[in-house]
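Novice: Structure file model-v9.txt (compact mmCIF, C-alpha atoms) is given on the next line.
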```txt
# COMPACT_ATOMS: atom_id res chain seq x y z
CA MET A 1 85.14 98.58 133.23
CA CYS A 2 88.47 97.14 132.07
CA GLY A 3 86.89 93.75 131.42
CA GLY A 4 87.96 91.39 134.19
CA GLU A 5 91.48 90.36 135.16
CA GLN A 6 93.01 90.13 131.69
CA GLY A 7 91.41 93.41 130.65
CA CYS A 8 92.84 95.09 133.75
CA ILE A 9 96.32 93.78 133.03
CA GLU A 10 96.20 94.96 129.42
CA THR A 11 94.80 98.35 130.42
CA VAL A 12 97.51 98.87 133.05
CA LYS A 13 100.21 97.91 130.56
CA ALA A 14 98.87 100.50 128.11
CA ALA A 15 98.42 103.17 130.78
CA LEU A 16 101.98 102.69 132.06
CA GLN A 17 103.30 102.91 128.52
CA GLY A 18 101.24 106.06 128.04
CA GLY A 19 102.82 107.68 131.10
CA VAL A 20 100.42 107.44 134.06
CA ALA A 21 102.00 108.38 137.38
CA CYS A 22 99.97 106.08 139.63
CA ILE A 23 97.72 103.02 139.42
CA GLN A 24 94.82 102.33 141.79
CA LEU A 25 92.96 99.03 141.84
CA ARG A 26 89.29 99.50 142.70
CA ALA A 27 86.88 96.58 142.45
CA PRO A 28 84.18 96.96 145.11
CA GLY A 29 82.28 93.72 145.63
CA TRP A 30 85.15 91.46 144.56
CA LYS A 31 86.19 88.82 147.06
CA LYS A 32 89.60 89.43 148.59
CA ARG A 33 91.35 86.42 147.11
CA ARG A 34 90.46 87.49 143.57
CA LEU A 35 91.56 91.04 144.41
CA LEU A 36 94.88 89.78 145.85
CA GLU A 37 95.65 87.71 142.78
CA LEU A 38 94.99 90.64 140.44
CA ALA A 39 96.95 93.00 142.71
CA ASN A 40 99.97 90.68 142.53
CA ALA A 41 99.71 90.60 138.74
CA LEU A 42 99.49 94.40 138.50
CA LEU A 43 102.39 94.91 140.91
CA ALA A 44 104.55 92.86 138.56
CA LEU A 45 103.85 95.59 135.97
CA THR A 46 104.03 98.71 138.15
CA ARG A 47 107.25 97.81 140.03
CA PRO A 48 109.54 97.74 136.96
CA ALA A 49 107.84 100.95 135.78
CA LYS A 50 108.53 102.56 139.19
CA VAL A 51 104.90 103.69 139.37
CA PRO A 52 103.13 103.46 142.74
CA PHE A 53 100.34 100.91 143.01
CA LEU A 54 97.48 101.56 145.44
CA LEU A 55 94.51 99.52 146.58
CA ASP A 56 91.14 101.15 147.08
CA ASP A 57 89.86 100.61 150.67
CA GLU A 58 91.33 97.14 151.21
CA VAL A 59 94.25 97.61 153.60
CA ASP A 60 94.55 93.88 154.26
CA VAL A 61 94.93 93.12 150.56
CA ALA A 62 97.46 95.96 150.28
CA LEU A 63 99.49 94.51 153.16
CA ALA A 64 99.24 91.01 151.71
CA CYS A 65 100.59 91.98 148.29
CA GLY A 66 103.00 94.68 149.44
CA ALA A 67 101.22 97.51 147.63
CA ASP A 68 102.70 100.99 147.80
CA GLY A 69 99.61 102.46 149.40
CA VAL A 70 95.87 102.66 149.92
CA HIS A 71 93.18 105.15 148.99
CA VAL A 72 90.28 105.48 151.41
CA GLY A 73 86.94 107.25 151.42
CA GLN A 74 85.13 108.97 154.24
CA ARG A 75 83.39 105.75 155.33
CA ASP A 76 86.45 103.49 155.08
CA LEU A 77 89.08 103.00 157.79
CA PRO A 78 90.32 106.32 159.25
CA VAL A 79 93.53 107.60 157.64
CA GLN A 80 95.50 107.43 160.90
CA THR A 81 94.44 103.78 161.30
CA VAL A 82 95.57 103.04 157.75
CA ARG A 83 98.85 104.83 158.46
CA ASP A 84 99.40 102.75 161.60
CA LEU A 85 98.74 99.54 159.66
CA MET A 86 100.70 100.45 156.49
CA GLY A 87 103.65 102.27 158.04
CA PRO A 88 105.29 105.65 157.42
CA GLY A 89 106.49 104.83 153.89
CA ALA A 90 103.05 104.05 152.47
CA LEU A 91 101.24 106.42 150.11
CA ILE A 92 97.83 107.13 151.60
CA GLY A 93 95.07 109.10 149.94
CA LEU A 94 91.73 110.30 151.26
CA SER A 95 88.64 111.25 149.25
CA ALA A 96 87.19 114.65 150.16
CA SER A 97 84.26 116.39 148.52
CA ASN A 98 83.73 119.56 150.54
CA SER A 99 85.45 122.05 152.82
CA ALA A 100 84.48 120.24 156.04
CA GLN A 101 86.05 117.02 154.81
CA ILE A 102 89.22 118.83 153.70
CA GLN A 103 89.62 120.56 157.05
CA GLN A 104 88.99 117.55 159.31
CA ALA A 105 91.76 116.25 161.57
CA ASP A 106 92.07 112.92 159.75
CA VAL A 107 93.57 114.72 156.73
CA ALA A 108 96.88 115.25 158.56
CA ALA A 109 97.90 111.61 158.16
CA ALA A 110 97.13 111.55 154.42
CA ASP A 111 99.72 112.11 151.67
CA TYR A 112 97.19 113.53 149.24
CA LEU A 113 93.50 114.32 148.89
CA GLY A 114 91.32 112.96 146.11
CA VAL A 115 88.88 115.79 145.46
CA GLY A 116 85.78 115.57 143.32
CA PRO A 117 83.68 115.00 141.42
CA VAL A 118 84.94 117.91 139.34
CA PHE A 119 82.48 117.07 136.57
CA ALA A 120 79.47 114.74 136.34
CA THR A 121 80.45 111.07 136.37
CA GLN A 122 78.72 107.77 135.71
CA THR A 123 81.53 105.67 137.23
CA LYS A 124 80.64 106.19 140.88
CA THR A 125 76.95 105.99 141.65
CA ASP A 126 77.26 107.47 145.14
CA ALA A 127 79.38 110.48 144.18
CA ALA A 128 78.95 113.86 145.90
CA PRO A 129 77.58 116.96 144.09
CA VAL A 130 79.64 118.21 141.13
CA LEU A 131 82.25 120.82 142.14
CA SER A 132 83.17 122.42 138.77
CA PRO A 133 86.78 123.56 138.23
CA GLU A 134 86.00 126.76 140.20
CA GLY A 135 84.82 124.71 143.20
CA LEU A 136 87.92 122.56 142.91
CA ALA A 137 90.14 125.66 143.04
CA THR A 138 88.26 126.93 146.09
CA LEU A 139 88.82 123.66 147.93
CA LYS A 140 92.47 123.54 146.86
CA ALA A 141 93.03 126.89 148.58
CA LEU A 142 91.97 125.37 151.93
CA THR A 143 94.85 122.89 152.24
CA GLU A 144 98.57 122.44 151.76
CA LYS A 145 98.07 118.77 150.83
CA PRO A 146 98.55 117.75 147.20
CA ILE A 147 95.21 117.47 145.42
CA VAL A 148 94.31 114.75 142.94
CA ALA A 149 91.21 115.87 141.05
CA ILE A 150 88.70 113.20 140.07
CA GLY A 151 85.27 112.78 138.55
CA GLY A 152 84.24 113.06 134.91
CA ILE A 153 87.69 114.10 133.72
CA ASN A 154 88.47 113.40 130.04
CA HIS A 155 90.78 114.66 127.28
CA ALA A 156 88.46 117.59 126.55
CA ASN A 157 88.39 119.01 130.08
CA ILE A 158 91.63 117.85 131.73
CA GLY A 159 93.43 121.03 130.62
CA VAL A 160 90.99 123.13 132.64
CA VAL A 161 91.68 120.88 135.63
CA ALA A 162 95.45 121.28 135.20
CA ALA A 163 95.01 125.05 135.08
CA THR A 164 93.57 125.06 138.62
CA GLY A 165 97.00 124.13 139.92
CA VAL A 166 96.10 120.72 141.36
CA SER A 167 98.86 118.12 141.45
CA ALA A 168 97.22 115.47 139.31
CA ALA A 169 94.02 114.18 137.75
CA ALA A 170 92.59 110.69 138.24
CA VAL A 171 90.46 109.00 135.62
CA VAL A 172 88.61 105.73 135.25
CA SER A 173 86.44 105.68 132.15
CA ALA A 174 88.72 108.05 130.17
CA ILE A 175 91.28 105.21 130.04
CA CYS A 176 89.62 101.99 131.22
CA GLY A 177 86.53 102.29 129.07
CA GLN A 178 88.35 103.29 125.89
CA PRO A 179 89.00 101.17 122.79
CA ASN A 180 92.67 102.25 122.74
CA PRO A 181 93.83 102.88 126.33
CA LEU A 182 97.39 103.74 125.24
CA ALA A 183 96.25 106.45 122.82
CA SER A 184 93.74 107.74 125.37
CA THR A 185 96.45 107.98 128.05
CA GLN A 186 98.81 109.82 125.71
CA GLN A 187 96.02 112.21 124.70
CA LEU A 188 95.21 112.91 128.37
CA ALA A 189 98.87 113.48 129.23
CA ALA A 190 99.33 115.91 126.35
CA ALA A 191 96.14 117.82 127.22
CA TRP A 192 97.22 117.97 130.88
CA GLN A 193 100.65 119.39 129.96
CA ALA A 194 99.04 121.96 127.68
CA GLY A 195 96.76 123.08 130.48
CA VAL A 196 99.37 123.51 133.23
CA LYS A 197 99.91 127.21 133.87
CA MET B 1 69.62 90.18 161.69
CA CYS B 2 70.41 91.66 165.11
CA GLY B 3 68.95 95.01 164.11
CA GLY B 4 71.85 97.39 163.50
CA GLU B 5 74.54 98.48 165.95
CA GLN B 6 72.45 98.70 169.10
CA GLY B 7 70.74 95.41 168.35
CA CYS B 8 74.16 93.76 167.88
CA ILE B 9 75.38 95.10 171.21
CA GLU B 10 72.28 93.90 173.06
CA THR B 11 72.43 90.50 171.35
CA VAL B 12 76.11 90.03 172.23
CA LYS B 13 75.45 91.00 175.85
CA ALA B 14 72.71 88.38 176.05
CA ALA B 15 74.74 85.72 174.25
CA LEU B 16 77.72 86.26 176.56
CA GLN B 17 75.46 86.03 179.57
CA GLY B 18 74.00 82.85 178.12
CA GLY B 19 77.42 81.26 177.81
CA VAL B 20 78.62 81.49 174.20
CA ALA B 21 82.29 80.57 173.75
CA CYS B 22 83.07 82.87 170.82
CA ILE B 23 81.63 85.91 169.01
CA GLN B 24 82.07 86.58 165.29
CA LEU B 25 81.06 89.86 163.66
CA ARG B 26 79.83 89.35 160.10
CA ALA B 27 78.29 92.23 158.19
CA PRO B 28 79.07 91.85 154.49
CA GLY B 29 78.45 95.07 152.59
CA TRP B 30 79.08 97.34 155.57
CA LYS B 31 81.71 100.03 155.07
CA LYS B 32 84.84 99.46 157.12
CA ARG B 33 84.50 102.48 159.39
CA ARG B 34 81.05 101.36 160.55
CA LEU B 35 82.40 97.84 161.05
CA LEU B 36 85.37 99.14 163.05
CA GLU B 37 83.16 101.20 165.35
CA LEU B 38 80.89 98.25 166.08
CA ALA B 39 83.90 95.93 166.51
CA ASN B 40 85.32 98.30 169.13
CA ALA B 41 81.99 98.35 170.96
CA LEU B 42 81.72 94.55 170.93
CA LEU B 43 85.33 94.08 172.09
CA ALA B 44 84.47 96.15 175.17
CA LEU B 45 81.95 93.39 175.98
CA THR B 46 83.91 90.29 174.98
CA ARG B 47 87.22 91.24 176.66
CA PRO B 48 85.86 91.31 180.25
CA ALA B 49 83.98 88.07 179.48
CA LYS B 50 87.26 86.50 178.23
CA VAL B 51 85.46 85.33 175.10
CA PRO B 52 87.36 85.53 171.79
CA PHE B 53 86.04 88.06 169.27
CA LEU B 54 86.57 87.39 165.56
CA LEU B 55 85.91 89.40 162.43
CA ASP B 56 84.54 87.75 159.33
CA ASP B 57 86.86 88.28 156.31
CA GLU B 58 88.07 91.78 157.23
CA VAL B 59 91.66 91.35 158.41
CA ASP B 60 92.34 95.09 158.27
CA VAL B 61 89.42 95.84 160.59
CA ALA B 62 90.56 93.02 162.89
CA LEU B 63 94.07 94.52 163.04
CA ALA B 64 92.68 98.01 163.59
CA CYS B 65 90.53 97.03 166.58
CA GLY B 66 92.83 94.36 168.01
CA ALA B 67 90.37 91.50 167.50
CA ASP B 68 91.36 88.04 168.67
CA GLY B 69 91.04 86.55 165.23
CA VAL B 70 89.49 86.31 161.80
CA HIS B 71 87.29 83.79 160.06
CA VAL B 72 87.77 83.43 156.31
CA GLY B 73 86.00 81.63 153.50
CA GLN B 74 87.43 79.91 150.47
CA ARG B 75 87.36 83.11 148.39
CA ASP B 76 88.79 85.40 151.09
CA LEU B 77 92.47 85.93 151.84
CA PRO B 78 94.41 82.63 152.12
CA VAL B 79 94.81 81.38 155.71
CA GLN B 80 98.61 81.60 155.61
CA THR B 81 98.33 85.23 154.47
CA VAL B 82 95.94 85.96 157.33
CA ARG B 83 98.34 84.22 159.74
CA ASP B 84 101.25 86.34 158.47
CA LEU B 85 99.21 89.52 158.96
CA MET B 86 97.61 88.62 162.31
CA GLY B 87 100.53 86.82 163.97
CA PRO B 88 100.91 83.47 165.71
CA GLY B 89 98.56 84.28 168.62
CA ALA B 90 95.51 85.01 166.49
CA LEU B 91 92.58 82.62 166.25
CA ILE B 92 92.01 81.88 162.57
CA GLY B 93 89.16 79.85 161.16
CA LEU B 94 88.47 78.63 157.64
CA SER B 95 85.13 77.64 156.13
CA ALA B 96 85.16 74.23 154.44
CA SER B 97 82.22 72.44 152.85
CA ASN B 98 83.67 69.28 151.34
CA SER B 99 86.56 66.82 151.58
CA ALA B 100 88.73 68.62 149.03
CA GLN B 101 88.50 71.87 150.99
CA ILE B 102 89.29 70.08 154.26
CA GLN B 103 92.36 68.39 152.82
CA GLN B 104 93.88 71.38 151.04
CA ALA B 105 97.26 72.74 152.15
CA ASP B 106 95.84 76.05 153.36
CA VAL B 107 94.14 74.26 156.27
CA ALA B 108 97.47 73.76 158.07
CA ALA B 109 97.63 77.42 159.14
CA ALA B 110 94.06 77.45 160.52
CA ASP B 111 93.14 76.91 164.16
CA TYR B 112 89.75 75.46 163.35
CA LEU B 113 87.48 74.63 160.44
CA GLY B 114 83.95 75.95 160.09
CA VAL B 115 82.11 73.08 158.39
CA GLY B 116 78.65 73.25 156.94
CA PRO B 117 75.92 73.78 156.18
CA VAL B 118 74.87 70.88 158.38
CA PHE B 119 71.20 71.69 157.79
CA ALA B 120 69.37 73.98 155.37
CA THR B 121 69.87 77.67 156.14
CA GLN B 122 68.36 80.94 155.02
CA THR B 123 71.12 83.08 156.55
CA LYS B 124 73.72 82.57 153.85
CA THR B 125 72.38 82.77 150.31
CA ASP B 126 75.51 81.28 148.69
CA ALA B 127 75.87 78.28 151.04
CA ALA B 128 77.12 74.91 149.75
CA PRO B 129 74.90 71.78 149.60
CA VAL B 130 73.54 70.53 152.93
CA LEU B 131 75.83 67.95 154.61
CA SER B 132 73.51 66.35 157.21
CA PRO B 133 74.99 65.23 160.56
CA GLU B 134 76.28 62.06 158.88
CA GLY B 135 78.14 64.09 156.24
CA LEU B 136 79.55 66.29 159.00
CA ALA B 137 80.88 63.22 160.83
CA THR B 138 82.46 61.93 157.61
CA LEU B 139 84.28 65.23 157.06
CA LYS B 140 85.33 65.39 160.71
CA ALA B 141 87.12 62.05 160.30
CA LEU B 142 89.36 63.57 157.60
CA THR B 143 91.13 66.09 159.82
CA GLU B 144 92.73 66.59 163.22
CA LYS B 145 91.63 70.24 163.27
CA PRO B 146 88.82 71.24 165.62
CA ILE B 147 85.51 71.47 163.77
CA VAL B 148 82.90 74.17 164.32
CA ALA B 149 79.67 72.99 162.73
CA ILE B 150 77.45 75.64 161.11
CA GLY B 151 74.30 76.00 159.05
CA GLY B 152 70.69 75.68 160.12
CA ILE B 153 71.57 74.69 163.69
CA ASN B 154 68.88 75.38 166.32
CA HIS B 155 67.83 74.13 169.74
CA ALA B 156 65.97 71.18 168.21
CA ASN B 157 68.93 69.76 166.26
CA ILE B 158 72.04 70.97 168.12
CA GLY B 159 72.11 67.79 170.23
CA VAL B 160 72.55 65.68 167.12
CA VAL B 161 75.40 67.96 166.07
CA ALA B 162 77.06 67.60 169.49
CA ALA B 163 76.78 63.83 169.19
CA THR B 164 78.99 63.83 166.08
CA GLY B 165 81.92 64.81 168.29
CA VAL B 166 82.60 68.21 166.70
CA SER B 167 84.13 70.84 168.98
CA ALA B 168 81.41 73.47 168.73
CA ALA B 169 78.37 74.71 166.86
CA ALA B 170 77.99 78.18 165.37
CA VAL B 171 74.60 79.83 164.97
CA VAL B 172 73.27 83.08 163.58
CA SER B 173 69.46 83.07 163.42
CA ALA B 174 69.06 80.73 166.43
CA ILE B 175 70.31 83.60 168.63
CA CYS B 176 70.37 86.81 166.58
CA GLY B 177 66.91 86.45 165.13
CA GLN B 178 65.20 85.45 168.39
CA PRO B 179 62.92 87.59 170.58
CA ASN B 180 64.86 86.54 173.71
CA PRO B 181 68.51 85.93 172.76
CA LEU B 182 69.51 85.10 176.36
CA ALA B 183 66.90 82.37 176.71
CA SER B 184 67.71 81.06 173.24
CA THR B 185 71.42 80.87 174.08
CA GLN B 186 70.74 79.04 177.34
CA GLN B 187 68.43 76.62 175.55
CA LEU B 188 71.09 75.94 172.89
CA ALA B 189 73.78 75.40 175.54
CA ALA B 190 71.61 72.96 177.47
CA ALA B 191 70.65 71.02 174.34
CA TRP B 192 74.33 70.90 173.28
CA GLN B 193 75.41 69.52 176.65
CA ALA B 194 72.65 66.92 176.57
CA GLY B 195 73.79 65.79 173.13
CA VAL B 196 77.51 65.41 173.86
CA LYS B 197 78.41 61.71 174.00
```
What does this structure look like when you write it as structure tokens?

Specialist:
Amino acid sequence: MCGGEQGCIETVKAALQGGVACIQLRAPGWKKRRLLELANALLALTRPAKVPFLLDDEVDVALACGADGVHVGQRDLPVQTVRDLMGPGALIGLSASNSAQIQQADVAAADYLGVGPVFATQTKTDAAPVLSPEGLATLKALTEKPIVAIGGINHANIGVVAATGVSAAAVVSAICGQPNPLASTQQLAAAWQAGVK
Amino acid sequence: MCGGEQGCIETVKAALQGGVACIQLRAPGWKKRRLLELANALLALTRPAKVPFLLDDEVDVALACGADGVHVGQRDLPVQTVRDLMGPGALIGLSASNSAQIQQADVAAADYLGVGPVFATQTKTDAAPVLSPEGLATLKALTEKPIVAIGGINHANIGVVAATGVSAAAVVSAICGQPNPLASTQQLAAAWQAGVK
């Protein structure tokens, strides 16, 4: 959605300038060497900005480039396995879409839970049913882990997400698919702050 | 081609009984958790047989299950990176299809080269041009590394491959796609032995 390697680099530059707190590289279907080369390029941007850089799914690529962490889904490597491979200092996230997934044992080894989709999304074709902000709040109440809300979040609805008390919101198209990623990031950040109770 | 998890397990049992010297698990597109579970099941068969078990591409899955090694292609993680992640005792193979790939620096960290396709194959849709046994012999002369020939090898042509002096032949459909994988393996082994000069 960013437009290949150079588009990713430009988007990450703009997002960092706009104040994002974390960058995740997700490119399912890419070969690992291409992913590693882009990961190295993005780390050169996130390190000076002191913003954590995570790989989606690919623990080997994360180890190879020295990424700060990995985000995994329910069908990826188990969180405890990722923890064993990445070490205690790594930032490890797990996607969870319902109460059973939030209460499973594997959650213990995760640093945060990615919970969604909060709203309808076109980015992920295999996404779970839409939660709504009320469903998100219900799931949040089931765990002490920090929650990163995801799925269909944009400048118009991020304030409602912030008001649920979750720790953060993750977006793809609301930054990566925008003509001005810096302005979009700043708009999201302002709307988030305005929504925090 | 083996027919899912249970088919893979049955095929590996038969292939081990038939005398294969190495097993590689290749399932592009599978999620990592499914791959890890099958890898663990196959390791329970290969360990007692003292036959090395390799993963294709997925270094993180190999580390997670304690596989004996990894086989990578030209667009996967670089061999030296795989070596750094897997350690000095791991068995690491690299696919190479032409003289430039065989003579590149990355080869130094590999234990063997997978060279092919020797013959036309339907298994891999993105395979390089067919080498022929003569082309295989020409490439073999360029390196001291052991060569594992691959691509379109079956019981009718494996003797010609053996006669080139390569160290081994790798097959997929000649065992995995056969009604009797044990008999097919034994037939391949006999034809290989008959072809060795």

Novice: Using all atoms listed in the file, find which residues of chain A lie within 6 Å of chain B and jot them down as number ranges by chain.

Specialist: A: 31-33, 59-60, 75-77

Novice: For atom CA of B:Pro52 and atom CA of B:Ala162, quote the distance in Å rounded to one decimal.

Specialist: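 Computing the Euclidean distance for atom CA of B:Pro52 and atom CA of B:Ala162 yields 20.8 Å.
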
Novice: Would you work out the distance separating atom CA of B:Leu136 from atom CA of B:Met1, expressed in Å to one decimal?

Specialist: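 Here the two named atoms are 26.0 Å from each other.
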
Novice: Between B:Gly116, B:Gly69, B:Pro181, B:Gly87, which one has atoms that come closest to B:Gln17, using only C-alpha atoms?

Specialist: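 Closest residue, counting only C-alpha atoms: B:Pro181.
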
Novice: In Å to one decimal, how far is atom CA of A:Gly165 from atom CA of A:Ile102?

Specialist: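 Atom CA of A:Gly165 lies at a distance of 16.7 Å from atom CA of A:Ile102.
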
Novice: Grab all the atoms of stretch 101-104 of chain B that the file lists, wrap them in a box along x, y and z, add 3 Å per side, and give me centre plus edge lengths in Å (one decimal) as AutoDock Vina command-line options.

Specialist:
```
--center_x 91.2 --center_y 70.1 --center_z 152.6 --size_x 11.4 --size_y 9.5 --size_z 9.3
```

Novice: Using only C-alpha atoms, can you tell me which of B:Asn98, B:Asn157, B:Ser173, B:Gln193 comes closest to B:Phe119?

Specialist: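 Nearest to B:Phe119: B:Asn157.
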
Novice: Looking at all atoms listed in the file, which of A:Lys145, A:Pro129, A:Thr164, A:Leu139 is the one that sits closest to A:Ala109?

Specialist: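 The answer is A:Lys145, which sits nearest to A:Ala109.
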
Novice: Can I get stretch 139-151 of chain B with N, CA, C and O atoms filled in, as a PDB file, in the coordinates of the input?

Specialist:
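result_22.pdb written:
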```pdb
ATOM      1  N   LEU B 139      83.250  64.212 157.268  1.00  0.00           N
ATOM      2  CA  LEU B 139      84.280  65.230 157.060  1.00  0.00           C
ATOM      3  C   LEU B 139      85.169  65.375 158.289  1.00  0.00           C
ATOM      4  O   LEU B 139      86.381  65.559 158.177  1.00  0.00           O
ATOM      5  N   LYS B 140      84.575  65.287 159.469  1.00  0.00           N
ATOM      6  CA  LYS B 140      85.330  65.390 160.710  1.00  0.00           C
ATOM      7  C   LYS B 140      86.443  64.338 160.774  1.00  0.00           C
ATOM      8  O   LYS B 140      87.556  64.605 161.250  1.00  0.00           O
ATOM      9  N   ALA B 141      86.151  63.155 160.246  1.00  0.00           N
ATOM     10  CA  ALA B 141      87.120  62.050 160.300  1.00  0.00           C
ATOM     11  C   ALA B 141      88.341  62.305 159.425  1.00  0.00           C
ATOM     12  O   ALA B 141      89.363  61.626 159.562  1.00  0.00           O
ATOM     13  N   LEU B 142      88.264  63.310 158.538  1.00  0.00           N
ATOM     14  CA  LEU B 142      89.360  63.570 157.600  1.00  0.00           C
ATOM     15  C   LEU B 142      90.427  64.492 158.158  1.00  0.00           C
ATOM     16  O   LEU B 142      91.437  64.727 157.509  1.00  0.00           O
ATOM     17  N   THR B 143      90.197  65.071 159.331  1.00  0.00           N
ATOM     18  CA  THR B 143      91.130  66.090 159.820  1.00  0.00           C
ATOM     19  C   THR B 143      91.299  66.024 161.327  1.00  0.00           C
ATOM     20  O   THR B 143      90.390  65.586 162.046  1.00  0.00           O
ATOM     21  N   GLU B 144      92.465  66.467 161.784  1.00  0.00           N
ATOM     22  CA  GLU B 144      92.730  66.590 163.220  1.00  0.00           C
ATOM     23  C   GLU B 144      92.299  67.949 163.753  1.00  0.00           C
ATOM     24  O   GLU B 144      92.292  68.177 164.964  1.00  0.00           O
ATOM     25  N   LYS B 145      91.988  68.884 162.850  1.00  0.00           N
ATOM     26  CA  LYS B 145      91.630  70.240 163.270  1.00  0.00           C
ATOM     27  C   LYS B 145      90.281  70.234 163.994  1.00  0.00           C
ATOM     28  O   LYS B 145      89.379  69.479 163.623  1.00  0.00           O
ATOM     29  N   PRO B 146      90.140  71.084 164.997  1.00  0.00           N
ATOM     30  CA  PRO B 146      88.820  71.240 165.620  1.00  0.00           C
ATOM     31  C   PRO B 146      87.790  71.700 164.586  1.00  0.00           C
ATOM     32  O   PRO B 146      88.099  72.517 163.716  1.00  0.00           O
ATOM     33  N   ILE B 147      86.591  71.140 164.708  1.00  0.00           N
ATOM     34  CA  ILE B 147      85.510  71.470 163.770  1.00  0.00           C
ATOM     35  C   ILE B 147      84.440  72.286 164.492  1.00  0.00           C
ATOM     36  O   ILE B 147      83.965  71.895 165.564  1.00  0.00           O
ATOM     37  N   VAL B 148      84.067  73.408 163.881  1.00  0.00           N
ATOM     38  CA  VAL B 148      82.900  74.170 164.320  1.00  0.00           C
ATOM     39  C   VAL B 148      81.816  73.954 163.276  1.00  0.00           C
ATOM     40  O   VAL B 148      81.955  74.395 162.139  1.00  0.00           O
ATOM     41  N   ALA B 149      80.765  73.270 163.662  1.00  0.00           N
ATOM     42  CA  ALA B 149      79.670  72.990 162.730  1.00  0.00           C
ATOM     43  C   ALA B 149      78.804  74.236 162.574  1.00  0.00           C
ATOM     44  O   ALA B 149      78.606  74.995 163.527  1.00  0.00           O
ATOM     45  N   ILE B 150      78.277  74.449 161.374  1.00  0.00           N
ATOM     46  CA  ILE B 150      77.450  75.640 161.110  1.00  0.00           C
ATOM     47  C   ILE B 150      76.390  75.317 160.068  1.00  0.00           C
ATOM     48  O   ILE B 150      76.547  74.383 159.289  1.00  0.00           O
ATOM     49  N   GLY B 151      75.320  76.096 160.080  1.00  0.00           N
ATOM     50  CA  GLY B 151      74.300  76.000 159.050  1.00  0.00           C
ATOM     51  C   GLY B 151      73.010  75.368 159.522  1.00  0.00           C
ATOM     52  O   GLY B 151      72.937  74.147 159.670  1.00  0.00           O
TER      53      GLY B 151
END
```
